[in-house]
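Asks: Hey, dropping structure-v8.pdb in here, PDB, C-alpha atoms:
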ATOM      1  CA  MET A   1      -7.084 -11.757   6.680
ATOM      2  CA  HIS A   2      -8.988 -14.739   8.076
ATOM      3  CA  GLY A   3     -11.823 -14.026   5.619
ATOM      4  CA  PHE A   4      -9.530 -14.713   2.634
ATOM      5  CA  ALA A   5      -8.617 -18.130   4.038
ATOM      6  CA  ASN A   6     -11.837 -19.357   2.421
ATOM      7  CA  PRO A   7     -10.816 -20.820  -1.003
ATOM      8  CA  ALA A   8     -14.104 -19.815  -2.706
ATOM      9  CA  ARG A   9     -13.757 -16.182  -1.536
ATOM     10  CA  PHE A  10     -10.085 -16.188  -2.542
ATOM     11  CA  LEU A  11     -10.926 -17.459  -6.052
ATOM     12  CA  ARG A  12     -13.587 -14.752  -6.536
ATOM     13  CA  LEU A  13     -10.972 -12.127  -5.652
ATOM     14  CA  ALA A  14      -8.113 -13.760  -7.608
ATOM     15  CA  ARG A  15     -10.108 -13.982 -10.873
ATOM     16  CA  TRP A  16     -10.069 -10.199 -11.385
ATOM     17  CA  LEU A  17      -6.872  -9.443  -9.430
ATOM     18  CA  THR A  18      -4.658 -11.765 -11.536
ATOM     19  CA  PRO A  19      -5.026  -9.978 -14.930
ATOM     20  CA  LEU A  20      -4.954  -6.580 -13.187
ATOM     21  CA  CYS A  21      -1.595  -7.325 -11.487
ATOM     22  CA  LEU A  22      -0.130  -8.814 -14.672
ATOM     23  CA  VAL A  23      -1.179  -6.050 -17.082
ATOM     24  CA  ALA A  24      -0.264  -3.195 -14.701
ATOM     25  CA  GLY A  25       2.982  -4.884 -13.655
ATOM     26  CA  LEU A  26       4.195  -5.726 -17.156
ATOM     27  CA  GLY A  27       3.281  -2.231 -18.390
ATOM     28  CA  LEU A  28       5.074  -0.460 -15.519
ATOM     29  CA  ALA A  29       8.142  -2.724 -15.718
ATOM     30  CA  ALA A  30       8.450  -2.335 -19.509
ATOM     31  CA  GLY A  31       8.017   1.454 -19.257
ATOM     32  CA  ALA A  32      10.583   1.770 -16.456
ATOM     33  CA  LEU A  33      13.154  -0.377 -18.291
ATOM     34  CA  ALA A  34      12.696   1.682 -21.478
ATOM     35  CA  TRP A  35      13.026   4.873 -19.370
ATOM     36  CA  GLY A  36      16.199   3.550 -17.739
ATOM     37  CA  LEU A  37      17.710   2.406 -21.034
ATOM     38  CA  THR A  38      17.004   5.555 -23.026
ATOM     39  CA  ALA A  39      16.564   8.536 -20.667
ATOM     40  CA  ALA A  40      18.798   7.823 -17.647
ATOM     41  CA  PRO A  41      22.325   9.262 -18.002
ATOM     42  CA  ALA A  42      25.548   7.246 -17.814
ATOM     43  CA  GLU A  43      26.872   7.179 -14.249
ATOM     44  CA  ARG A  44      30.117   9.025 -13.365
ATOM     45  CA  LEU A  45      32.068   5.938 -12.210
ATOM     46  CA  GLN A  46      30.219   2.962 -13.693
ATOM     47  CA  GLY A  47      29.325   4.483 -17.050
ATOM     48  CA  GLU A  48      26.585   2.828 -19.121
ATOM     49  CA  THR A  49      26.583  -0.438 -17.126
ATOM     50  CA  VAL A  50      24.596   1.309 -14.384
ATOM     51  CA  ARG A  51      21.495   0.511 -16.509
ATOM     52  CA  ILE A  52      21.666  -3.103 -15.270
ATOM     53  CA  LEU A  53      20.518  -1.608 -11.941
ATOM     54  CA  PHE A  54      16.885  -1.346 -13.154
ATOM     55  CA  LEU A  55      16.657  -5.127 -13.502
ATOM     56  CA  HIS A  56      19.157  -6.299 -10.871
ATOM     57  CA  VAL A  57      17.753  -4.424  -7.848
ATOM     58  CA  PRO A  58      14.055  -5.375  -8.360
ATOM     59  CA  ALA A  59      15.165  -9.015  -8.906
ATOM     60  CA  ALA A  60      17.182  -8.959  -5.642
ATOM     61  CA  TRP A  61      14.245  -7.425  -3.745
ATOM     62  CA  LEU A  62      11.797 -10.001  -5.142
ATOM     63  CA  GLY A  63      14.124 -12.920  -4.398
ATOM     64  CA  MET A  64      14.133 -11.865  -0.749
ATOM     65  CA  ALA A  65      10.418 -10.941  -0.821
ATOM     66  CA  GLY A  66       9.707 -14.434  -2.193
ATOM     67  CA  TRP A  67      11.279 -16.064   0.847
ATOM     68  CA  MET A  68       9.602 -13.571   3.217
ATOM     69  CA  THR A  69       6.271 -14.594   1.633
ATOM     70  CA  ILE A  70       7.110 -18.266   2.241
ATOM     71  CA  ALA A  71       8.083 -17.508   5.865
ATOM     72  CA  ALA A  72       4.946 -15.428   6.568
ATOM     73  CA  ALA A  73       2.660 -18.036   4.964
ATOM     74  CA  SER A  74       4.447 -20.846   6.844
ATOM     75  CA  PHE A  75       3.973 -18.986  10.129
ATOM     76  CA  THR A  76       0.269 -18.508   9.314
ATOM     77  CA  GLU A  77      -0.062 -22.197   8.443
ATOM     78  CA  ILE A  78       1.575 -23.356  11.675
ATOM     79  CA  VAL A  79      -0.239 -20.937  14.003
ATOM     80  CA  TRP A  80      -3.728 -20.582  12.467
ATOM     81  CA  ARG A  81      -3.911 -23.634  10.171
ATOM     82  CA  HIS A  82      -5.235 -21.498   7.293
ATOM     83  CA  PRO A  83      -6.062 -23.796   4.359
ATOM     84  CA  LEU A  84      -4.617 -21.329   1.844
ATOM     85  CA  ALA A  85      -1.373 -20.591   3.706
ATOM     86  CA  ALA A  86       0.478 -23.744   2.560
ATOM     87  CA  ILE A  87      -0.729 -23.088  -1.014
ATOM     88  CA  ALA A  88       0.494 -19.461  -0.867
ATOM     89  CA  ALA A  89       3.916 -20.603   0.384
ATOM     90  CA  ARG A  90       4.230 -23.200  -2.391
ATOM     91  CA  ALA A  91       3.081 -20.646  -4.988
ATOM     92  CA  ALA A  92       5.756 -18.095  -3.978
ATOM     93  CA  ALA A  93       8.669 -20.543  -4.326
ATOM     94  CA  ALA A  94       9.022 -20.707  -8.141
ATOM     95  CA  PRO A  95       8.809 -16.923  -8.782
ATOM     96  CA  GLY A  96      11.179 -16.321  -5.841
ATOM     97  CA  ALA A  97      13.690 -18.776  -7.314
ATOM     98  CA  VAL A  98      13.434 -17.214 -10.795
ATOM     99  CA  PHE A  99      14.000 -13.666  -9.507
ATOM    100  CA  THR A 100      16.934 -14.852  -7.345
ATOM    101  CA  PHE A 101      18.432 -16.516 -10.444
ATOM    102  CA  VAL A 102      17.950 -13.281 -12.447
ATOM    103  CA  CYS A 103      19.594 -11.302  -9.622
ATOM    104  CA  LEU A 104      22.633 -13.618  -9.616
ATOM    105  CA  VAL A 105      23.054 -13.627 -13.414
ATOM    106  CA  THR A 106      22.582  -9.865 -13.857
ATOM    107  CA  GLY A 107      24.903  -9.259 -10.890
ATOM    108  CA  SER A 108      27.570 -11.427 -12.488
ATOM    109  CA  LEU A 109      27.141  -9.618 -15.821
ATOM    110  CA  TRP A 110      27.430  -6.289 -13.993
ATOM    111  CA  GLY A 111      30.428  -7.462 -11.937
ATOM    112  CA  ARG A 112      32.601  -8.283 -14.957
ATOM    113  CA  PRO A 113      32.836  -4.689 -16.331
ATOM    114  CA  ALA A 114      32.519  -2.995 -12.903
ATOM    115  CA  TRP A 115      34.835  -5.153 -10.754
ATOM    116  CA  GLY A 116      36.794  -7.065 -13.402
ATOM    117  CA  VAL A 117      35.479 -10.471 -12.201
ATOM    118  CA  TRP A 118      32.340 -12.528 -12.859
ATOM    119  CA  TRP A 119      32.076 -13.803  -9.288
ATOM    120  CA  VAL A 120      33.634 -13.458  -5.816
ATOM    121  CA  TRP A 121      32.848 -15.604  -2.792
ATOM    122  CA  ASP A 122      31.968 -12.673  -0.544
ATOM    123  CA  GLY A 123      29.106 -12.421   1.946
ATOM    124  CA  ARG A 124      26.474 -10.830  -0.328
ATOM    125  CA  LEU A 125      26.964 -13.033  -3.398
ATOM    126  CA  THR A 126      27.336 -16.252  -1.404
ATOM    127  CA  SER A 127      24.266 -15.619   0.786
ATOM    128  CA  MET A 128      22.235 -14.843  -2.374
ATOM    129  CA  LEU A 129      23.403 -18.130  -3.934
ATOM    130  CA  VAL A 130      22.403 -19.907  -0.702
ATOM    131  CA  LEU A 131      18.935 -18.321  -1.101
ATOM    132  CA  LEU A 132      18.610 -19.896  -4.572
ATOM    133  CA  PHE A 133      19.523 -23.324  -3.121
ATOM    134  CA  LEU A 134      16.996 -22.785  -0.290
ATOM    135  CA  PHE A 135      14.250 -22.120  -2.870
ATOM    136  CA  LEU A 136      15.153 -25.296  -4.790
ATOM    137  CA  ALA A 137      15.212 -27.354  -1.575
ATOM    138  CA  TYR A 138      11.864 -25.886  -0.462
ATOM    139  CA  MET A 139      10.245 -26.746  -3.826
ATOM    140  CA  ALA A 140      11.550 -30.325  -3.645
ATOM    141  CA  LEU A 141      10.354 -30.684  -0.039
ATOM    142  CA  ALA A 142       6.866 -29.245  -0.713
ATOM    143  CA  ASP A 143       6.505 -31.392  -3.847
ATOM    144  CA  ALA A 144       7.527 -34.527  -1.912
ATOM    145  CA  ALA A 145       4.984 -33.706   0.818
ATOM    146  CA  VAL A 146       2.199 -33.390  -1.783
ATOM    147  CA  ARG A 147       3.228 -36.626  -3.551
ATOM    148  CA  ALA A 148       3.203 -38.433  -0.206
ATOM    149  CA  GLY A 149      -0.394 -37.236   0.274
ATOM    150  CA  GLU A 150       0.612 -34.827   3.022
ATOM    151  CA  GLY A 151      -0.292 -31.512   1.398
ATOM    152  CA  GLN A 152      -0.798 -29.999   4.853
ATOM    153  CA  SER A 153       2.558 -31.302   6.140
ATOM    154  CA  ARG A 154       4.333 -28.974   8.547
ATOM    155  CA  ILE A 155       7.848 -29.997   7.418
ATOM    156  CA  PRO A 156       8.031 -27.500   4.470
ATOM    157  CA  ALA A 157       6.507 -24.830   6.750
ATOM    158  CA  VAL A 158       9.203 -25.352   9.401
ATOM    159  CA  PHE A 159      11.855 -25.264   6.654
ATOM    160  CA  GLY A 160      10.334 -22.005   5.331
ATOM    161  CA  LEU A 161      10.578 -20.422   8.774
ATOM    162  CA  VAL A 162      14.117 -21.636   9.499
ATOM    163  CA  GLY A 163      15.354 -20.503   6.060
ATOM    164  CA  ALA A 164      14.241 -16.931   6.847
ATOM    165  CA  ILE A 165      17.436 -16.534   8.896
ATOM    166  CA  ASN A 166      19.215 -16.020   5.550
ATOM    167  CA  ILE A 167      17.292 -12.795   4.777
ATOM    168  CA  PRO A 168      18.940 -10.533   7.423
ATOM    169  CA  ILE A 169      22.283 -12.188   6.552
ATOM    170  CA  ILE A 170      21.827 -11.102   2.896
ATOM    171  CA  HIS A 171      20.769  -7.600   3.929
ATOM    172  CA  TYR A 172      23.573  -6.937   6.436
ATOM    173  CA  SER A 173      26.305  -8.935   4.660
ATOM    174  CA  VAL A 174      27.737  -5.801   2.988
ATOM    175  CA  LEU A 175      27.993  -4.096   6.395
ATOM    176  CA  TRP A 176      29.298  -7.083   8.392
ATOM    177  CA  TRP A 177      32.026  -8.246   5.968
ATOM    178  CA  ASN A 178      34.412  -6.652   3.481
ATOM    179  CA  SER A 179      32.830  -6.901   0.051
ATOM    180  CA  LEU A 180      33.226  -5.695  -3.519
ATOM    181  CA  HIS A 181      29.459  -5.148  -3.420
ATOM    182  CA  GLN A 182      28.426  -1.617  -2.498
ATOM    183  CA  PRO A 183      26.469  -0.925   0.730
ATOM    184  CA  PRO A 184      22.722  -0.186   0.380
ATOM    185  CA  SER A 185      21.991   3.061  -1.520
ATOM    186  CA  ILE A 186      18.346   3.163  -0.438
ATOM    187  CA  THR A 187      17.301   2.810   3.190
ATOM    188  CA  LEU A 188      13.979   3.615   4.888
ATOM    189  CA  GLY A 189      13.318   7.322   4.286
ATOM    190  CA  ASN A 190      16.762   7.984   2.799
ATOM    191  CA  SER A 191      18.419   7.609  -0.604
ATOM    192  CA  ALA A 192      21.976   8.258  -1.789
ATOM    193  CA  MET A 193      20.862   7.818  -5.411
ATOM    194  CA  ALA A 194      20.352  10.654  -7.907
ATOM    195  CA  PRO A 195      16.681  11.135  -8.939
ATOM    196  CA  ALA A 196      17.539  10.288 -12.575
ATOM    197  CA  PHE A 197      18.253   6.697 -11.424
ATOM    198  CA  LEU A 198      15.970   6.540  -8.390
ATOM    199  CA  TYR A 199      12.611   7.213 -10.115
ATOM    200  CA  PRO A 200      12.873   4.622 -12.931
ATOM    201  CA  LEU A 201      14.211   2.163 -10.336
ATOM    202  CA  LEU A 202      11.184   2.681  -8.061
ATOM    203  CA  VAL A 203       8.757   2.288 -11.001
ATOM    204  CA  ALA A 204      10.565  -0.874 -12.180
ATOM    205  CA  THR A 205      10.454  -2.289  -8.640
ATOM    206  CA  LEU A 206       6.708  -1.584  -8.375
ATOM    207  CA  GLY A 207       6.097  -3.131 -11.817
ATOM    208  CA  PHE A 208       8.058  -6.330 -11.145
ATOM    209  CA  THR A 209       6.427  -6.620  -7.696
ATOM    210  CA  LEU A 210       2.994  -6.583  -9.376
ATOM    211  CA  VAL A 211       4.206  -9.215 -11.890
ATOM    212  CA  PHE A 212       5.415 -11.309  -8.946
ATOM    213  CA  ALA A 213       1.995 -10.947  -7.243
ATOM    214  CA  GLY A 214       0.234 -11.951 -10.485
ATOM    215  CA  VAL A 215       2.434 -15.057 -10.838
ATOM    216  CA  VAL A 216       1.810 -16.055  -7.192
ATOM    217  CA  LEU A 217      -1.961 -15.713  -7.774
ATOM    218  CA  MET A 218      -1.738 -17.850 -10.957
ATOM    219  CA  ARG A 219       0.297 -20.527  -9.148
ATOM    220  CA  MET A 220      -2.214 -20.526  -6.244
ATOM    221  CA  ARG A 221      -5.143 -20.922  -8.655
ATOM    222  CA  ALA A 222      -3.364 -23.818 -10.414
ATOM    223  CA  ILE A 223      -2.548 -25.614  -7.129
ATOM    224  CA  LEU A 224      -6.132 -25.103  -5.884
ATOM    225  CA  ALA A 225      -7.641 -26.372  -9.165
ATOM    226  CA  ASN A 226      -5.395 -29.477  -9.090
ATOM    227  CA  ALA A 227      -6.389 -30.167  -5.465
ATOM    228  CA  GLN A 228     -10.103 -29.783  -6.307
ATOM    229  CA  THR A 229      -9.733 -32.134  -9.302
ATOM    230  CA  GLU A 230      -7.939 -34.762  -7.208
ATOM    231  CA  ALA A 231     -10.562 -34.538  -4.433
ATOM    232  CA  ARG A 232     -13.443 -34.924  -6.897
ATOM    233  CA  LEU A 233     -11.807 -37.874  -8.707
ATOM    234  CA  ARG A 234     -11.154 -39.552  -5.341
ATOM    235  CA  ARG A 235     -14.806 -39.079  -4.275
ATOM    236  CA  LYS A 236     -16.013 -40.510  -7.611
ATOM    237  CA  ALA A 237     -13.694 -43.516  -7.308
ATOM    238  CA  LEU A 238     -14.897 -44.156  -3.741
ATOM    239  CA  SER A 239     -18.590 -43.907  -4.668
ATOM    240  CA  ALA A 240     -18.013 -46.194  -7.718
ATOM    241  CA  SER A 241     -16.317 -48.820  -5.513
ATOM    242  CA  ASP A 242     -19.183 -48.537  -2.953
ATOM    243  CA  ASP A 243     -21.752 -49.071  -5.764
ATOM    244  CA  SER A 244     -19.939 -52.130  -7.108
ATOM    245  CA  ALA A 245     -19.599 -53.541  -3.573
ATOM    246  CA  SER A 246     -23.364 -53.142  -2.919
ATOM    247  CA  GLY A 247     -24.085 -54.688  -6.358
ATOM    248  CA  ASP A 248     -21.926 -57.701  -5.497
ATOM    249  CA  SER A 249     -23.655 -58.197  -2.127
ATOM    250  CA  ALA A 250     -27.085 -57.959  -3.832
ATOM    251  CA  ARG A 251     -26.053 -60.659  -6.312
ATOM    252  CA  ASP A 252     -24.736 -62.770  -3.427
ATOM    253  CA  GLY A 253     -28.119 -62.327  -1.705
ATOM    254  CA  ASP A 254     -29.959 -63.529  -4.879
ATOM    255  CA  ALA A 255     -27.839 -66.679  -4.948
ATOM    256  CA  PHE A 256     -29.010 -67.741  -1.509
TER     257      PHE A 256
ATOM    258  CA  MET B   1      47.282  -1.811 -19.102
ATOM    259  CA  ARG B   2      43.535  -1.105 -18.826
ATOM    260  CA  GLU B   3      41.032  -3.576 -20.253
ATOM    261  CA  VAL B   4      38.352  -1.909 -22.401
ATOM    262  CA  LEU B   5      35.004  -3.696 -22.492
ATOM    263  CA  ASP B   6      31.916  -2.736 -24.465
ATOM    264  CA  PRO B   7      29.320  -2.109 -21.686
ATOM    265  CA  TRP B   8      26.337  -2.596 -24.002
ATOM    266  CA  ILE B   9      27.125  -6.305 -24.483
ATOM    267  CA  PHE B  10      26.706  -6.796 -20.727
ATOM    268  CA  ILE B  11      23.597  -4.596 -20.597
ATOM    269  CA  TRP B  12      21.829  -6.455 -23.443
ATOM    270  CA  ALA B  13      22.867  -9.828 -22.021
ATOM    271  CA  SER B  14      21.404  -8.851 -18.626
ATOM    272  CA  TYR B  15      18.132  -7.644 -20.154
ATOM    273  CA  GLY B  16      17.922 -10.712 -22.395
ATOM    274  CA  VAL B  17      18.379 -13.177 -19.530
ATOM    275  CA  GLY B  18      16.185 -11.208 -17.099
ATOM    276  CA  LEU B  19      13.269 -10.511 -19.426
ATOM    277  CA  GLY B  20      13.470 -13.996 -20.963
ATOM    278  CA  ALA B  21      13.273 -15.618 -17.526
ATOM    279  CA  VAL B  22      10.327 -13.411 -16.480
ATOM    280  CA  ALA B  23       8.511 -14.110 -19.787
ATOM    281  CA  LEU B  24       9.010 -17.873 -19.327
ATOM    282  CA  LEU B  25       7.786 -17.657 -15.714
ATOM    283  CA  VAL B  26       4.630 -15.707 -16.643
ATOM    284  CA  GLY B  27       3.891 -17.933 -19.666
ATOM    285  CA  TRP B  28       4.406 -21.197 -17.779
ATOM    286  CA  SER B  29       2.302 -19.988 -14.823
ATOM    287  CA  TRP B  30      -0.518 -18.855 -17.135
ATOM    288  CA  LEU B  31      -0.563 -22.111 -19.134
ATOM    289  CA  SER B  32      -0.406 -24.374 -16.056
ATOM    290  CA  MET B  33      -3.217 -22.372 -14.380
ATOM    291  CA  LYS B  34      -5.447 -22.566 -17.478
ATOM    292  CA  ARG B  35      -4.736 -26.302 -17.909
ATOM    293  CA  ALA B  36      -5.509 -27.040 -14.234
ATOM    294  CA  GLU B  37      -8.755 -25.010 -14.252
ATOM    295  CA  ARG B  38      -9.899 -26.611 -17.533
ATOM    296  CA  ARG B  39      -9.268 -30.100 -16.120
ATOM    297  CA  ARG B  40     -11.179 -29.226 -12.922
ATOM    298  CA  ASP B  41     -14.160 -27.947 -14.964
ATOM    299  CA  GLU B  42     -14.116 -31.099 -17.131
ATOM    300  CA  VAL B  43     -14.150 -33.343 -14.055
ATOM    301  CA  ARG B  44     -16.993 -31.258 -12.563
ATOM    302  CA  GLY B  45     -19.017 -31.573 -15.786
ATOM    303  CA  ARG B  46     -18.741 -35.380 -15.985
TER     304      ARG B  46
END
So, in terms of structure tokens, how does the structure I just supplied come out?
Replies:
Amino acid sequence: MHGFANPARFLRLARWLTPLCLVAGLGLAAGALAWGLTAAPAERLQGETVRILFLHVPAAWLGMAGWMTIAAASFTEIVWRHPLAAIAARAAAAPGAVFTFVCLVTGSLWGRPAWGVWWVWDGRLTSMLVLLFLFLAYMALADAAVRAGEGQSRIPAVFGLVGAINIPIIHYSVLWWNSLHQPPSITLGNSAMAPAFLYPLLVATLGFTLVFAGVVLMRMRAILANAQTEARLRRKALSASDDSASGDSARDGDAF
Amino acid sequence: MREVLDPWIFIWASYGVGLGAVALLVGWSWLSMKRAERRRDEVRGR
């Protein structure tokens, strides 16, 4: 892992990994959604609306995975001072926020026909909404640190670590509190879901995860390129001011 | 009385919002990456 902390080595890897993740991810996600829409049967209790599952569950997983990426990168930044860790954390924030937003909207659209309401303030829905606000706050904090010239500031990293407390709350909320939301259907090594729903769901989750990885790589490349541009422009400005200063002192010397 | 809702309206709305948001995210990320890398190469070439 330490080897990839080198920006030049990371860029060499990211140049071929980015299109690979995007093409494979978009292809798998599109195929799985088409499979779920056309080939999966209507569910016994929920009827046709069960098809929202193939978008809602991957979005929920990636919202939480987005914050886990921020927390892991923040931990790496604080402990090992990896130059790419802060960039990776910043890059994961926007896709994490978008997938959390998609999870909330698709959940609301699923809740109306399934539960009869668009929204309830129960543990699962509220903790997911808190996650969206955490993403927005993290983006504002990281952006402010960069604008203040403190790209390596530890404040967003500490916030990223502290915010991770919300992830187990989201996961266990349906077990800890009474909720309209169903308990988890898939746990490690076990599934209560029929194969007709499980397989397209797993393919959709893999596809959207690859899309997420591709977006994080693109965001990292953009942040790195902007940092390299700023550094080069600053060096040029400094050398230009040094040249003009030496020119002025030479002219002053001629006058004497 | 039981309310009868057309499920497909909710399904298409979900897919529209979800896929639209993902398409915007991928497009914006791609364009901002290309713009940043082009600007870096221009500054390098000066």
Asks: With a distance cut-off of 12 Å and all atoms listed in the file, select the neighbouring residues of Val50 in chain A, excluding the residue or stretch itself and same-chain residues fewer than 2 positions from it, and output the selection as a PyMOL selection string.
Replies: (chain A and resi 36-37+40-48+52-57+106-107+109-111+113-114+193+196-198+201) or (chain B and resi 7-8+10-11+14)
Asks: Name all residues at most 9 Å from Phe75 in chain A (count all atoms listed in the file; drop same-chain ones fewer than 3 positions away) and give them as a list in words.
Replies: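 Once the nearby chain positions are removed, what remains is Ile70, Ala71, Ala72, Ile78, Val79, Trp80, Ala85, Ala157, Val158, Gly160 and Leu161 of chain A.
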Asks: Okay, now the selection with C-alpha atoms, as a compact mmCIF listing (two decimals), keeping the file's coordinate frame?
Replies:
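Output file part.txt follows:
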# COMPACT_ATOMS: atom_id res chain seq x y z
CA ILE A 70 7.11 -18.27 2.24
CA ALA A 71 8.08 -17.51 5.86
CA ALA A 72 4.95 -15.43 6.57
CA ILE A 78 1.58 -23.36 11.68
CA VAL A 79 -0.24 -20.94 14.00
CA TRP A 80 -3.73 -20.58 12.47
CA ALA A 85 -1.37 -20.59 3.71
CA ALA A 157 6.51 -24.83 6.75
CA VAL A 158 9.20 -25.35 9.40
CA GLY A 160 10.33 -22.00 5.33
CA LEU A 161 10.58 -20.42 8.77
Asks: Using all atoms listed in the file, find the residues of chain B whose closest atom to chain A is at most 7 Å away, then write them as an MDAnalysis selection string.
Replies: chainID B and resid 5 7 10:11 14 18 21 26 29:30 32:33 36:37 40 43
Asks: Could you tell me which of B:Leu25, B:Asp41, B:Trp12, B:Val4 comes closest to Gly96 in chain A if we count all atoms listed in the file?
Replies: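 Distance minimum relative to Gly96 in chain A lands on B:Leu25.
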Asks: Rounded to one decimal in Å, what is the spacing between CA of Trp35 in chain A and CA of Pro200 in chain A?
Replies: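 The value is 6.4 Å.
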Asks: Please indicate the distance in Å from CA of Val117 in chain A to CA of Ile9 in chain B, rounded to one decimal place.
Replies: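 Between CA of Val117 in chain A and CA of Ile9 in chain B the gap is 15.4 Å.
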